[in-house]
$ cat start_21.tsv   # TSV, C-alpha atoms
chain	number	residue	atom	x	y	z
A	1	MET	CA	60.96	303.30	-0.71
A	2	ALA	CA	62.24	299.77	-1.34
A	3	ARG	CA	61.11	296.94	0.94
A	4	TYR	CA	63.35	294.00	1.80
A	5	ILE	CA	62.95	290.47	3.08
A	6	THR	CA	65.39	287.98	4.53
A	7	ILE	CA	65.46	284.38	3.38
A	8	SER	CA	67.22	281.80	5.54
A	9	LEU	CA	68.23	278.18	5.48
A	10	ASP	CA	67.93	277.87	9.23
A	11	LYS	CA	69.85	274.67	10.01
A	12	ARG	CA	72.77	275.78	7.86
A	13	GLY	CA	72.72	279.30	9.34
A	14	VAL	CA	72.72	281.08	5.96
A	15	THR	CA	70.66	284.20	5.21
A	16	CYS	CA	70.29	286.41	2.16
A	17	ARG	CA	68.49	289.70	1.62
A	18	ALA	CA	66.07	290.34	-1.24
A	19	ARG	CA	64.38	293.50	-2.52
A	20	LEU	CA	60.67	293.24	-3.26
A	21	LEU	CA	59.72	294.09	-6.86
A	22	ASP	CA	56.73	296.22	-5.93
A	23	GLU	CA	56.44	297.86	-9.35
A	24	GLU	CA	56.65	294.63	-11.36
A	25	ALA	CA	54.55	292.40	-9.06
A	26	PRO	CA	52.51	294.61	-6.71
A	27	ARG	CA	49.76	292.07	-5.88
A	28	THR	CA	52.23	289.28	-5.18
A	29	CYS	CA	54.49	291.53	-3.11
A	30	LYS	CA	51.52	292.67	-1.02
A	31	ALA	CA	50.30	289.10	-0.49
A	32	VAL	CA	53.72	287.85	0.60
A	33	TRP	CA	54.57	290.90	2.74
A	34	ASP	CA	51.25	290.71	4.57
A	35	ALA	CA	51.75	286.98	5.27
A	36	LEU	CA	55.32	287.16	6.62
A	37	PRO	CA	56.94	285.49	8.42
A	38	GLN	CA	56.65	282.11	6.69
A	39	SER	CA	58.75	279.03	7.38
A	40	SER	CA	58.53	275.33	6.63
A	41	SER	CA	60.54	272.36	5.40
A	42	ALA	CA	63.07	273.13	2.68
A	43	TYR	CA	63.14	271.16	-0.56
A	44	HIS	CA	65.56	271.15	-3.47
A	45	ALA	CA	63.92	271.01	-6.90
A	46	LYS	CA	63.98	267.85	-9.00
A	47	TYR	CA	62.94	269.36	-12.31
A	48	ALA	CA	63.68	273.09	-12.25
A	49	ARG	CA	67.38	272.62	-11.48
A	50	ASN	CA	68.88	275.31	-9.18
A	51	GLU	CA	65.89	275.94	-6.92
A	52	VAL	CA	65.26	275.68	-3.19
A	53	TYR	CA	61.68	276.10	-1.99
A	54	THR	CA	59.21	275.62	0.81
A	55	LEU	CA	55.50	274.80	0.81
A	56	VAL	CA	53.24	276.73	3.16
A	57	PRO	CA	49.45	276.97	3.48
A	58	PRO	CA	47.81	279.31	0.94
A	59	PHE	CA	47.84	282.83	2.35
A	60	ALA	CA	46.76	285.17	-0.44
A	61	GLU	CA	43.12	286.20	-0.49
A	62	PRO	CA	42.41	287.07	-3.14
A	63	LYS	CA	45.11	285.17	-5.02
A	64	PRO	CA	47.47	287.54	-6.82
A	65	GLY	CA	47.02	285.90	-10.21
A	66	ARG	CA	49.73	285.92	-12.81
A	67	GLU	CA	52.12	288.90	-12.75
A	68	ASN	CA	55.78	289.26	-13.69
A	69	PRO	CA	55.72	285.57	-14.68
A	70	THR	CA	58.65	283.45	-15.78
A	71	ILE	CA	59.43	279.89	-16.77
A	72	THR	CA	63.17	280.67	-16.94
A	73	PRO	CA	64.17	282.17	-13.57
A	74	ILE	CA	67.67	283.57	-13.20
A	75	PRO	CA	70.03	283.48	-10.21
A	76	GLY	CA	68.63	285.64	-7.42
A	77	ASP	CA	64.98	285.40	-8.47
A	78	VAL	CA	62.49	284.85	-5.65
A	79	VAL	CA	59.30	283.30	-7.00
A	80	TYR	CA	55.73	282.70	-5.79
A	81	PHE	CA	53.65	279.75	-7.00
A	82	GLY	CA	50.08	279.05	-5.94
A	83	PHE	CA	49.12	275.37	-6.33
A	84	GLU	CA	45.78	273.67	-6.07
A	85	ALA	CA	45.77	270.34	-4.21
A	86	TRP	CA	45.47	268.28	-7.40
A	87	GLU	CA	48.58	269.94	-8.88
A	88	ILE	CA	51.16	268.78	-6.31
A	89	GLY	CA	49.72	265.93	-4.25
A	90	ASN	CA	51.04	263.23	-6.61
A	91	PRO	CA	52.65	260.50	-4.45
A	92	ALA	CA	55.45	260.18	-7.00
A	93	TYR	CA	56.75	263.61	-5.98
A	94	GLY	CA	57.90	262.15	-2.66
A	95	TYR	CA	56.52	264.67	-0.17
A	96	ASP	CA	55.97	263.43	3.38
A	97	GLU	CA	52.35	262.55	4.09
A	98	GLY	CA	51.95	265.47	6.54
A	99	SER	CA	53.39	268.12	4.23
A	100	GLU	CA	51.46	270.99	2.65
A	101	ALA	CA	51.69	269.13	-0.67
A	102	HIS	CA	48.94	266.83	0.57
A	103	SER	CA	46.66	269.53	1.96
A	104	ASP	CA	43.11	269.74	0.64
A	105	GLN	CA	43.54	273.50	0.34
A	106	GLY	CA	46.61	273.32	-1.93
A	107	ALA	CA	49.85	275.10	-1.12
A	108	THR	CA	51.88	278.21	-1.70
A	109	ASP	CA	55.40	277.56	-2.93
A	110	LEU	CA	58.00	280.22	-2.11
A	111	ALA	CA	61.22	279.59	-4.03
A	112	ILE	CA	64.67	280.98	-4.58
A	113	PHE	CA	66.84	280.34	-7.62
A	114	TYR	CA	70.58	280.30	-7.09
A	115	GLY	CA	72.10	279.27	-10.41
A	116	ARG	CA	71.65	279.49	-14.18
A	117	ASN	CA	69.81	277.36	-16.74
A	118	ASN	CA	66.55	276.85	-14.85
A	119	LEU	CA	63.42	275.75	-16.66
A	120	LEU	CA	60.04	275.57	-14.93
A	121	ILE	CA	58.57	272.47	-16.50
A	122	ASN	CA	57.09	269.39	-14.86
A	123	GLY	CA	56.82	266.13	-16.76
A	124	ASP	CA	53.30	265.53	-15.40
A	125	ALA	CA	51.90	269.04	-15.72
A	126	GLY	CA	53.90	270.89	-18.38
A	127	TRP	CA	54.97	274.52	-17.98
A	128	VAL	CA	54.81	275.89	-14.43
A	129	PRO	CA	55.09	279.69	-14.58
A	130	GLY	CA	55.73	281.54	-11.34
A	131	ASN	CA	55.57	285.17	-10.24
A	132	VAL	CA	58.98	286.77	-9.70
A	133	PHE	CA	58.35	289.07	-6.73
A	134	ALA	CA	61.84	289.77	-5.35
A	135	THR	CA	65.50	289.69	-6.26
A	136	ILE	CA	68.33	288.65	-3.96
A	137	GLU	CA	70.77	291.55	-3.58
A	138	GLU	CA	72.97	290.32	-0.71
A	139	GLY	CA	74.19	286.85	0.20
A	140	LEU	CA	73.43	285.00	-3.05
A	141	SER	CA	76.82	283.26	-3.25
A	142	GLU	CA	76.53	282.00	0.35
A	143	MET	CA	72.97	280.86	-0.28
A	144	ALA	CA	74.07	279.10	-3.48
A	145	ALA	CA	76.77	277.19	-1.60
A	146	ALA	CA	74.26	276.14	1.07
A	147	ALA	CA	71.72	275.15	-1.60
A	148	GLN	CA	74.33	273.01	-3.35
A	149	ASP	CA	75.00	271.36	0.01
A	150	LEU	CA	71.26	270.61	0.25
A	151	TRP	CA	71.44	268.93	-3.17
A	152	LEU	CA	74.48	266.85	-2.24
A	153	ARG	CA	73.69	265.97	1.38
A	154	GLY	CA	69.91	266.18	1.59
A	155	VAL	CA	67.25	268.46	3.00
A	156	GLU	CA	66.19	266.47	6.04
A	157	GLY	CA	65.64	268.74	9.02
A	158	GLU	CA	66.24	271.96	7.05
A	159	THR	CA	63.74	274.83	6.97
A	160	LEU	CA	63.48	277.73	4.57
A	161	SER	CA	62.26	280.92	6.23
A	162	PHE	CA	61.03	284.23	4.82
A	163	ALA	CA	60.73	287.33	7.03
A	164	ARG	CA	60.50	291.09	6.74
A	165	ALA	CA	63.91	292.74	6.89
A	166	ASP	CA	64.58	295.77	9.08
$ encode --input "start_21.tsv" --output "structure tokens"
Amino acid sequence: MARYITISLDKRGVTCRARLLDEEAPRTCKAVWDALPQSSSAYHAKYARNEVYTLVPPFAEPKPGRENPTITPIPGDVVYFGFEAWEIGNPAYGYDEGSEAHSDQGATDLAIFYGRNNLLINGDAGWVPGNVFATIEEGLSEMAAAAQDLWLRGVEGETLSFARAD
């Protein structure tokens, strides 16, 4: 039986529904499902293009490792990244001092992709593959419009939340 999650931009009042890809990414799906709900500040990507993400404390033990990886996510992909502290704490990235990006334990990045032509590359680190663990099946167009608004008007005060769906 399929499992679903909801993903929300809370301040903007927009929610979408995504189906977990349990067959393609079983370890990642289990790790995320067991850790829900998760919520933190929303960010819009600088490098990857059409991506909105949040950084939360690492929650997977053991870490899921690489499964169903991509460097070219498509619209509707929901992606997990596990980062060590040295990978994202660069002051040039612009994260607030108190954010998970500066944690000694690293961070988990939960991301959604809402448009085409994404490429997961970072000028400092090179390729940044992520695990595709879900696909948005409802509400992608509304989420895309809200994500574009984040890009144009800023992310201040916005949170991105992931929860189990009924």
$ residues_around --input "start_21.tsv" --residues "Ser41 of chain A" --least-positions-apart "5" --cutoff "9 Å" --atoms "only C-alpha atoms" --output "PyMOL selection string"
chain A and resi 53-56+99+155-161
$ residues_around --input "start_21.tsv" --residues "Thr108 of chain A" --least-positions-apart "4" --cutoff "12 Å" --atoms "all atoms listed in the file" --output "MDAnalysis selection string"
chainID A and resid 28 31:32 35 38:40 53:61 63:64 79:85 87:88 99:103 130:131
$ residues_near_point --input "start_21.tsv" --point "(73.7, 280.0, 4.8)" --cutoff "6 Å" --atoms "only C-alpha atoms" --output "VMD selection string"
chain A and resid 9 12 to 15 142 to 143 146
$ atom_distance --input "start_21.tsv" --atom1 "atom CA of Ala111 of chain A" --atom2 "atom CA of Ser8 of chain A"
11.5 Å
$ residues_around --input "start_21.tsv" --residues "Val78 of chain A" --least-positions-apart "6" --cutoff "9 Å" --atoms "all atoms listed in the file" --output "list in words"
Ala18, Leu20, Leu110, Ala111, Ile112, Phe113, Asn131, Val132, Phe133, Ala134, Thr135 and Ile136 of chain A
